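**Student:** I'm passing along coords_10.cif; it holds mmCIF, C-alpha atoms (C1' of nucleotides).
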```cif
data_run
#
loop_
_atom_site.label_atom_id
_atom_site.label_comp_id
_atom_site.auth_asym_id
_atom_site.auth_seq_id
_atom_site.Cartn_x
_atom_site.Cartn_y
_atom_site.Cartn_z
CA MET A 1 0.00 0.00 0.00
CA LYS A 2 1.35 3.38 -0.96
CA PRO A 3 1.66 5.92 1.83
CA GLU A 4 -0.75 8.68 1.05
CA ILE A 5 0.86 12.04 0.66
CA LEU A 6 -0.74 15.46 0.67
CA GLU A 7 0.70 18.11 -1.61
CA LEU A 8 0.40 21.19 0.52
CA GLN A 9 1.03 23.46 -2.47
CA SER A 10 -2.06 22.14 -4.20
CA PHE A 11 -4.28 21.87 -1.16
CA LEU A 12 -7.09 24.34 -1.60
CA PRO A 13 -7.54 25.46 2.02
CA TYR A 14 -3.84 26.14 2.23
CA ARG A 15 -3.65 27.98 -1.07
CA LEU A 16 -6.64 30.06 -0.25
CA TYR A 17 -5.33 31.03 3.13
CA ARG A 18 -1.91 31.85 1.81
CA LEU A 19 -3.43 33.98 -0.90
CA ALA A 20 -5.78 35.86 1.36
CA ASP A 21 -3.02 36.37 3.85
CA ALA A 22 -0.70 37.82 1.25
CA VAL A 23 -3.33 40.12 -0.21
CA SER A 24 -4.62 41.18 3.14
CA ARG A 25 -1.14 41.83 4.46
CA GLU A 26 -0.32 44.00 1.52
CA PHE A 27 -3.58 45.88 1.73
CA SER A 28 -3.27 46.36 5.46
CA ARG A 29 -0.25 48.50 4.88
CA ILE A 30 -2.58 51.12 3.49
CA TYR A 31 -4.67 51.56 6.58
CA LYS A 32 -1.97 50.64 9.02
CA ASP A 33 0.70 52.96 7.70
CA ARG A 34 -1.69 55.76 7.13
CA HIS A 35 -3.72 55.75 10.32
CA GLY A 36 -2.45 52.91 12.48
CA LEU A 37 -5.70 51.03 12.14
CA THR A 38 -6.08 47.31 12.78
CA ARG A 39 -8.12 45.19 10.43
CA PRO A 40 -11.22 45.17 12.66
CA GLU A 41 -10.96 48.92 12.96
CA TRP A 42 -10.67 49.32 9.24
CA ARG A 43 -13.66 47.11 8.68
CA THR A 44 -15.68 49.02 11.18
CA LEU A 45 -14.81 52.25 9.47
CA ALA A 46 -15.67 50.72 6.11
CA GLY A 47 -18.98 49.35 7.35
CA LEU A 48 -20.10 52.61 8.86
CA GLY A 49 -18.85 54.61 5.92
CA GLN A 50 -20.83 52.44 3.61
CA HIS A 51 -24.05 52.15 5.57
CA GLY A 52 -24.19 55.26 7.66
CA THR A 53 -25.51 54.31 11.07
CA MET A 54 -25.33 50.73 12.27
CA THR A 55 -25.51 48.78 15.48
CA ALA A 56 -22.58 46.72 16.67
CA THR A 57 -24.37 43.48 15.92
CA ALA A 58 -25.17 44.56 12.39
CA LEU A 59 -21.55 45.54 11.93
CA GLY A 60 -20.45 42.13 13.05
CA GLU A 61 -22.71 40.42 10.56
CA GLN A 62 -21.92 42.71 7.72
CA SER A 63 -18.18 42.42 8.07
CA ALA A 64 -17.85 38.92 9.44
CA MET A 65 -16.33 39.83 12.76
CA HIS A 66 -16.81 38.32 16.16
CA LYS A 67 -18.61 40.58 18.56
CA THR A 68 -15.56 41.08 20.73
CA LYS A 69 -13.62 42.34 17.76
CA VAL A 70 -16.40 44.74 16.95
CA SER A 71 -16.61 45.87 20.52
CA ARG A 72 -12.92 46.65 20.71
CA ALA A 73 -12.74 48.26 17.31
CA VAL A 74 -15.69 50.49 18.15
CA ALA A 75 -14.11 51.44 21.45
CA GLU A 76 -10.93 52.47 19.69
CA LEU A 77 -12.66 54.47 16.97
CA GLU A 78 -14.71 56.16 19.63
CA ARG A 79 -11.54 57.03 21.51
CA ARG A 80 -10.27 58.65 18.33
CA ARG A 81 -13.56 60.48 18.03
CA TRP A 82 -14.20 58.93 14.65
CA LEU A 83 -17.59 57.68 15.71
CA VAL A 84 -20.27 58.33 18.29
CA ARG A 85 -22.79 56.07 19.94
CA THR A 86 -26.40 57.02 20.35
CA PRO A 87 -28.58 54.85 22.55
CA ASP A 88 -31.64 53.33 20.97
CA GLU A 89 -34.90 54.80 22.11
CA LYS A 90 -36.84 51.60 22.43
CA ASP A 91 -34.18 49.08 23.36
CA ARG A 92 -31.64 50.34 25.80
CA ARG A 93 -29.20 47.56 25.10
CA VAL A 94 -28.67 48.77 21.58
CA GLU A 95 -26.42 51.57 20.44
CA HIS A 96 -26.40 53.15 17.03
CA LEU A 97 -22.97 53.95 15.73
CA THR A 98 -22.25 56.82 13.39
CA LEU A 99 -19.09 58.29 12.01
CA THR A 100 -18.18 61.80 13.04
CA LYS A 101 -16.87 64.37 10.60
CA ALA A 102 -13.37 63.14 11.32
CA GLY A 103 -14.46 59.55 10.77
CA VAL A 104 -16.11 60.37 7.48
CA ALA A 105 -13.02 62.27 6.43
CA ALA A 106 -10.83 59.28 7.14
CA TYR A 107 -13.24 57.05 5.27
CA ARG A 108 -13.32 59.31 2.26
CA GLU A 109 -9.58 59.32 2.23
CA MET A 110 -9.34 55.56 2.42
CA VAL A 111 -11.89 54.62 -0.23
CA PRO A 112 -9.90 55.70 -3.28
CA LEU A 113 -6.83 54.00 -1.90
CA ALA A 114 -8.73 50.79 -1.40
CA LYS A 115 -10.19 50.92 -4.85
CA ALA A 116 -6.83 51.65 -6.39
CA PHE A 117 -5.35 48.71 -4.56
CA GLU A 118 -7.97 46.36 -5.89
CA ARG A 119 -7.72 47.79 -9.36
CA GLU A 120 -3.96 47.35 -9.44
CA LEU A 121 -4.23 43.84 -8.17
CA LEU A 122 -6.71 42.90 -10.86
CA ALA A 123 -4.72 44.77 -13.46
CA ARG A 124 -2.03 42.16 -13.14
CA LEU A 125 -4.44 39.61 -14.58
CA SER A 126 -5.71 38.99 -18.06
CA THR A 127 -9.40 39.41 -18.79
CA GLU A 128 -10.06 35.68 -18.59
CA GLN A 129 -8.10 35.38 -15.39
CA ARG A 130 -10.07 38.18 -13.84
CA ALA A 131 -13.27 36.47 -14.83
CA ALA A 132 -12.06 33.22 -13.31
CA VAL A 133 -11.16 34.92 -10.05
CA VAL A 134 -14.49 36.65 -9.77
CA SER A 135 -16.62 33.64 -10.57
CA GLY A 136 -14.41 31.30 -8.56
CA VAL A 137 -14.72 33.43 -5.48
CA ALA A 138 -18.44 33.79 -5.96
CA ALA A 139 -18.85 30.05 -6.40
CA LEU A 140 -16.99 29.29 -3.21
CA GLU A 141 -18.94 31.88 -1.31
CA ALA A 142 -22.16 30.32 -2.46
CA ALA A 143 -20.93 26.84 -1.63
CA LEU A 144 -19.96 27.88 1.86
CA GLY A 145 -23.05 29.90 2.46
CA LYS A 146 -25.36 26.97 2.04
CA SER A 147 -23.16 24.56 3.98
CA MET B 1 -19.36 65.64 -6.04
CA LYS B 2 -20.54 62.18 -5.12
CA PRO B 3 -19.12 60.71 -1.96
CA GLU B 4 -17.21 57.65 -2.97
CA ILE B 5 -18.41 54.48 -1.35
CA LEU B 6 -16.74 51.14 -1.07
CA GLU B 7 -18.91 48.03 -1.21
CA LEU B 8 -17.22 45.80 1.29
CA GLN B 9 -19.13 42.76 0.04
CA SER B 10 -17.59 43.11 -3.39
CA PHE B 11 -14.13 44.15 -2.31
CA LEU B 12 -11.75 41.42 -3.33
CA PRO B 13 -9.34 41.49 -0.38
CA TYR B 14 -12.26 41.27 1.98
CA ARG B 15 -14.01 38.48 0.12
CA LEU B 16 -10.84 36.51 -0.18
CA TYR B 17 -10.03 36.84 3.48
CA ARG B 18 -13.53 35.97 4.54
CA LEU B 19 -13.51 32.92 2.33
CA ALA B 20 -10.13 31.68 3.44
CA ASP B 21 -11.06 32.29 7.03
CA ALA B 22 -14.25 30.30 6.73
CA VAL B 23 -12.61 27.40 4.94
CA SER B 24 -9.62 27.38 7.20
CA ARG B 25 -11.76 27.55 10.30
CA GLU B 26 -13.83 24.63 9.16
CA PHE B 27 -10.80 22.61 8.21
CA SER B 28 -9.01 23.41 11.44
CA ARG B 29 -11.65 21.50 13.29
CA ILE B 30 -10.18 18.37 11.82
CA TYR B 31 -6.72 18.75 13.25
CA LYS B 32 -7.77 20.68 16.30
CA ASP B 33 -10.49 18.33 17.46
CA ARG B 34 -8.52 15.27 16.66
CA HIS B 35 -5.11 16.13 18.04
CA GLY B 36 -5.29 19.60 19.46
CA LEU B 37 -2.93 20.96 16.84
CA THR B 38 -2.62 24.61 15.93
CA ARG B 39 -2.38 25.63 12.32
CA PRO B 40 1.41 26.08 12.38
CA GLU B 41 1.72 22.68 13.99
CA TRP B 42 -0.48 21.11 11.38
CA ARG B 43 1.50 22.73 8.59
CA THR B 44 4.74 21.54 10.09
CA LEU B 45 3.40 18.03 10.27
CA ALA B 46 2.18 18.29 6.72
CA GLY B 47 5.47 19.65 5.46
CA LEU B 48 7.56 16.97 7.10
CA GLY B 49 5.12 14.24 6.11
CA GLN B 50 5.33 15.33 2.55
CA HIS B 51 9.05 15.93 2.26
CA GLY B 52 10.60 13.67 4.82
CA THR B 53 13.44 15.55 6.45
CA MET B 54 13.56 19.33 6.33
CA THR B 55 15.25 22.21 8.09
CA ALA B 56 13.25 24.81 9.92
CA THR B 57 14.04 27.43 7.33
CA ALA B 58 12.91 25.21 4.50
CA LEU B 59 9.72 24.49 6.40
CA GLY B 60 9.07 28.17 6.76
CA GLU B 61 9.46 28.76 3.06
CA GLN B 62 7.50 25.75 2.01
CA SER B 63 4.53 26.50 4.18
CA ALA B 64 4.64 30.27 4.31
CA MET B 65 5.23 30.64 8.00
CA HIS B 66 7.28 33.13 9.92
CA LYS B 67 10.32 31.61 11.54
CA THR B 68 8.97 32.14 15.03
CA LYS B 69 5.88 30.18 14.15
CA VAL B 70 8.00 27.39 12.81
CA SER B 71 10.22 27.45 15.86
CA ARG B 72 7.31 27.14 18.23
CA ALA B 73 5.49 24.54 16.20
CA VAL B 74 8.61 22.43 16.00
CA ALA B 75 9.16 22.74 19.72
CA GLU B 76 5.64 21.53 20.39
CA LEU B 77 5.82 18.60 18.00
CA GLU B 78 9.13 17.66 19.53
CA ARG B 79 7.56 17.77 22.96
CA ARG B 80 4.94 15.33 21.71
CA ARG B 81 7.72 13.19 20.31
CA TRP B 82 6.31 13.50 16.83
CA LEU B 83 9.60 14.67 15.43
CA VAL B 84 13.31 14.64 16.22
CA ARG B 85 16.07 17.06 15.41
CA THR B 86 19.42 15.94 14.10
CA PRO B 87 22.20 18.50 13.93
CA ASP B 88 23.77 19.09 10.56
CA GLU B 89 27.28 17.74 10.16
CA LYS B 90 28.76 20.67 8.34
CA ASP B 91 26.81 23.61 9.67
CA ARG B 92 26.11 23.40 13.34
CA ARG B 93 23.43 26.08 13.25
CA VAL B 94 21.19 23.88 11.16
CA GLU B 95 18.95 21.09 12.38
CA HIS B 96 17.27 18.51 10.25
CA LEU B 97 13.77 17.67 11.34
CA THR B 98 12.20 14.28 10.83
CA LEU B 99 8.92 12.78 11.93
CA THR B 100 9.07 9.90 14.37
CA LYS B 101 6.91 6.80 14.02
CA ALA B 102 4.25 8.54 16.05
CA GLY B 103 4.52 11.62 13.86
CA VAL B 104 4.20 9.62 10.69
CA ALA B 105 1.24 7.78 12.14
CA ALA B 106 -0.51 11.04 12.88
CA TYR B 107 0.31 12.31 9.42
CA ARG B 108 -1.03 9.18 7.76
CA GLU B 109 -4.19 9.52 9.75
CA MET B 110 -4.66 13.16 8.79
CA VAL B 111 -4.01 12.92 5.07
CA PRO B 112 -7.21 11.12 4.09
CA LEU B 113 -9.23 13.46 6.27
CA ALA B 114 -7.67 16.47 4.60
CA LYS B 115 -8.29 15.06 1.18
CA ALA B 116 -11.85 14.21 2.01
CA PHE B 117 -12.40 17.72 3.26
CA GLU B 118 -11.13 19.23 0.06
CA ARG B 119 -13.09 16.79 -2.04
CA GLU B 120 -16.30 17.55 -0.24
CA LEU B 121 -15.75 21.24 -0.54
CA LEU B 122 -15.20 20.99 -4.27
CA ALA B 123 -18.08 18.59 -4.62
CA ARG B 124 -20.44 21.39 -3.80
CA LEU B 125 -19.45 23.08 -7.05
CA SER B 126 -20.29 22.42 -10.65
CA THR B 127 -17.54 21.41 -13.04
CA GLU B 128 -17.27 24.91 -14.46
CA GLN B 129 -17.21 26.44 -11.02
CA ARG B 130 -14.45 24.10 -9.97
CA ALA B 131 -12.46 25.10 -13.00
CA ALA B 132 -12.98 28.75 -12.24
CA VAL B 133 -11.83 28.30 -8.65
CA VAL B 134 -8.72 26.44 -9.66
CA SER B 135 -7.66 28.82 -12.39
CA GLY B 136 -8.67 31.88 -10.40
CA VAL B 137 -6.54 30.84 -7.47
CA ALA B 138 -3.64 29.98 -9.73
CA ALA B 139 -3.90 33.31 -11.50
CA LEU B 140 -3.83 35.26 -8.28
CA GLU B 141 -0.91 33.25 -7.00
CA ALA B 142 1.00 34.03 -10.14
CA ALA B 143 0.07 37.69 -9.97
CA LEU B 144 1.22 37.95 -6.38
CA GLY B 145 4.34 35.93 -6.92
CA LYS B 146 5.78 38.33 -9.41
CA SER B 147 4.79 41.45 -7.54
"C1'" DC C 1 44.14 35.64 11.07
"C1'" DC C 2 40.36 38.79 12.77
"C1'" DA C 3 36.60 41.81 12.74
"C1'" DA C 4 32.51 42.77 10.57
"C1'" DA C 5 28.29 41.17 8.29
"C1'" DC C 6 25.18 37.33 7.79
"C1'" DT C 7 22.36 33.27 8.75
"C1'" DG C 8 19.68 29.50 11.39
"C1'" DG C 9 17.05 29.40 15.06
"C1'" DT C 10 15.19 30.87 19.81
"C1'" DT C 11 13.41 34.04 23.16
"C1'" DT C 12 11.22 38.18 24.93
"C1'" DC C 13 7.72 41.50 24.99
"C1'" DA C 14 3.75 43.87 23.48
"C1'" DT C 15 -0.39 43.31 20.80
"C1'" DT C 16 -4.18 40.65 18.95
"C1'" DT C 17 -7.25 37.08 19.23
"C1'" DG C 18 -10.86 33.60 20.91
"C1'" DT C 19 -13.58 31.63 24.53
"C1'" DA C 20 -16.26 32.06 28.13
"C1'" DA C 21 -18.12 34.46 31.69
"C1'" DC C 22 -20.48 38.41 32.59
"C1'" DC C 23 -23.96 42.65 33.07
"C1'" DA C 24 -27.94 44.89 31.70
"C1'" DT C 25 -32.09 44.80 29.39
"C1'" DT C 26 -35.88 42.75 26.99
"C1'" DG C 27 -39.46 39.30 25.67
"C1'" DA C 28 -42.08 35.29 26.54
"C1'" DA C 29 -44.24 32.10 29.64
"C1'" DA C 30 -46.52 30.90 33.81
"C1'" DT D 1 -46.49 40.06 38.12
"C1'" DT D 2 -42.48 37.20 38.58
"C1'" DT D 3 -39.32 34.27 36.56
"C1'" DC D 4 -36.50 32.51 33.02
"C1'" DA D 5 -34.47 32.35 28.52
"C1'" DA D 6 -32.54 35.19 25.02
"C1'" DT D 7 -30.01 39.23 23.26
"C1'" DG D 8 -26.74 43.49 22.83
"C1'" DG D 9 -22.60 44.44 24.27
"C1'" DT D 10 -18.31 44.41 27.44
"C1'" DT D 11 -14.69 42.30 30.11
"C1'" DA D 12 -11.31 38.86 31.90
"C1'" DC D 13 -8.21 35.51 30.95
"C1'" DA D 14 -5.48 32.42 28.28
"C1'" DA D 15 -3.44 31.39 23.99
"C1'" DA D 16 -1.53 32.84 19.41
"C1'" DT D 17 1.00 36.21 16.90
"C1'" DG D 18 4.67 39.61 15.12
"C1'" DA D 19 8.59 42.49 15.70
"C1'" DA D 20 12.77 42.97 17.31
"C1'" DA D 21 16.47 41.58 20.10
"C1'" DC D 22 19.22 37.90 20.73
"C1'" DC D 23 22.72 33.77 20.63
"C1'" DA D 24 25.33 30.70 18.39
"C1'" DG D 25 27.85 29.56 14.43
"C1'" DT D 26 29.70 30.94 9.46
"C1'" DT D 27 31.33 33.54 5.85
"C1'" DT D 28 33.66 37.47 3.85
"C1'" DG D 29 37.05 41.11 3.28
"C1'" DG D 30 41.05 43.31 4.75
#
```
Would you encode the structure as structure tokens?

**Tutor:**
Amino acid sequence: MKPEILELQSFLPYRLYRLADAVSREFSRIYKDRHGLTRPEWRTLAGLGQHGTMTATALGEQSAMHKTKVSRAVAELERRRWLVRTPDEKDRRVEHLTLTKAGVAAYREMVPLAKAFERELLARLSTEQRAAVVSGVAALEAALGKS
Amino acid sequence: MKPEILELQSFLPYRLYRLADAVSREFSRIYKDRHGLTRPEWRTLAGLGQHGTMTATALGEQSAMHKTKVSRAVAELERRRWLVRTPDEKDRRVEHLTLTKAGVAAYREMVPLAKAFERELLARLSTEQRAAVVSGVAALEAALGKS
DNA sequence: CCAAACTGGTTTCATTTGTAACCATTGAAA
DNA sequence: TTTCAATGGTTACAAATGAAACCAGTTTGG
């Protein structure tokens, strides 16, 4: 019987992780260098920038973060005065989070950088490759969603 | 002037990370539940299982881990007596790492589980989707490699 | 030779993370 | 109502991580 071997280089979970890690690491330089943000903080900023006001729970769902990450990221952005909390009228457990002027300014500054990053990444690919990436990612998302 | 907005859901770095995180998290249950391994430990096991003897540096390159991660993973696997170190004859800084019987046994046990996991993941996709995933991942790897 | 500069690998320290316990509030059930 | 389960969010603690300092050993250049 032949001893079964696993080619790590071809193993999808490994490749995917490695890829995401590399991309994410490179992208993180943008928000880390510029503002010293962590990834959860960046995502919080992005979520609020995109949606306006949100609750912490909604933020967690929207950006796939555990509630403790959200909690800490929100605390930090609040400390920076990039967002404010307003208690919900009906349910006093809930807080609505909104970016301040400074928060919006930071968001507005980040968006073009983020878009440029993505554009440059995709620019390294041919049209067919880009199509493969997009549909491959979508397919996996769908497959995982209904797992 | 329209305020630029970034759709996090469509932003490639985010999607990629989210995807890899989900897959990796699910897969980690296999080695975590079964043997209480961390990801670096699993990768070390996988690397040595695949290549036989390796140095720590080689392991780091092969499996994309920082040297401190490798160092700690190796220390733990050594503690479990899953691997042994043999000093290099010529260069006394270098150690060659090899799985013990117990290490190999664990590796042999994990390989089919890993393969099954990957197979089942891909089985949720259509043939075209699978092709897109494979070529998309490869394209991104190539694009990042030559960056 | 001998002092730098370099490399393989480990350790230290500060930061980040995950899990679980927790507090306050709300909703549902008795 | 009173009680009990559930929910929004925070906190405490342990484990995982990354950066930089570190300790051999090795190589290179003078």

**Student:** Using all atoms listed in the file and a distance of at most 12 Å, pull out the residues of chain C that contact chain B, as a PyMOL selection string.

**Tutor:** chain C and resi 7-12

**Student:** Looking at all atoms listed in the file, which of B:Met65, B:Ala138, B:Leu125, B:Ala75 is the one that sits closest to chain D?

**Tutor:**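 Of B:Met65, B:Ala138, B:Leu125, B:Ala75, the one nearest chain D is B:Met65, counting all atoms listed in the file.
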
**Student:** When the PyMOL selection byres ((chain B) within 9 of (chain A)) is applied to the file above, which residues end up in the set, as a VMD selection string?

**Tutor:** chain B and resid 3 to 9 11 to 24 27 43 46 to 47 49 to 50 62 to 64 107 to 108 111 to 112 114 to 115 118 121 to 122 124 to 126 129 to 144 147

**Student:** May I ask which of the residues B:Thr44, B:Thr127, B:Thr38, B:Thr86 is the closest one to chain D, counting all atoms listed in the file?

**Tutor:**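 Smallest distance to chain D is found for B:Thr38.
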
**Student:** Might you pull out every residue within 10 Å of DC23 of chain C, with only C-alpha atoms (C1' of nucleotides) counted and same-chain residues fewer than 6 positions away left off, and present them as a VMD selection string?

**Tutor:** chain D and resid 9 to 11

**Student:** Pull out every residue that the PyMOL selection byres ((chain D) within 12 of (chain B)) matches in the shown coordinates and put them as a ChimeraX atom specification.

**Tutor:** /D:15-20,23-27

**Student:** Distance atom CA of Leu45 of chain A-atom C1' of DT15 of chain C, one decimal place?

**Tutor:**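 Computing the Euclidean distance for atom CA of Leu45 of chain A and atom C1' of DT15 of chain C yields 20.4 Å.
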
**Student:** Please check which residues have atoms at most 7 Å from (-29.8, 43.7, 28.2) in the file's coordinates, counting all atoms listed in the file, and write them as a list in words.

**Tutor:** Arg93 of chain A; DA24, DT25 and DT26 of chain C; DT7 and DG8 of chain D

**Student:** Skipping near chain neighbours, those fewer than 5 positions away, what residues fall within 10 Å of Leu97 of chain B using only C-alpha atoms (C1' of nucleotides), listed as a list in words?

**Tutor:**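 Within the cut-off, the hits are Thr44, Leu48, Gly52, Thr53, Met54, Thr55, Ala56, Leu59, Val74, Glu78, Leu83, Val84, Arg85, Thr86 and Pro87 of chain B.
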
**Student:** Do you have the atom CA of His35 of chain A-atom CA of Ala116 of chain A distance handy?

**Tutor:** 17.5 Å

**Student:** As lines of an AutoDock Vina configuration file, please: the centre and edge lengths in Å, to one decimal, of an axis-aligned box enclosing every listed atom of segment 4-18 of chain B with 4 Å added on each side.

**Tutor:**
```
center_x = -14.2
center_y = 46.8
center_z = 0.6
size_x = 17.8
size_y = 29.7
size_z = 15.9
```

**Student:** Quick one, how far is atom CA of Thr98 of chain B from atom CA of Ile30 of chain B?

**Tutor:**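 One can read the atom CA of Thr98 of chain B to atom CA of Ile30 of chain B distance as 22.8 Å.
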
**Student:** Which residues are near DG29 of chain D? Cut-off 12 Å, all atoms listed in the file, ignore same chain within fewer than 5 positions. Put them as number ranges by chain.

**Tutor:** C: 1-5
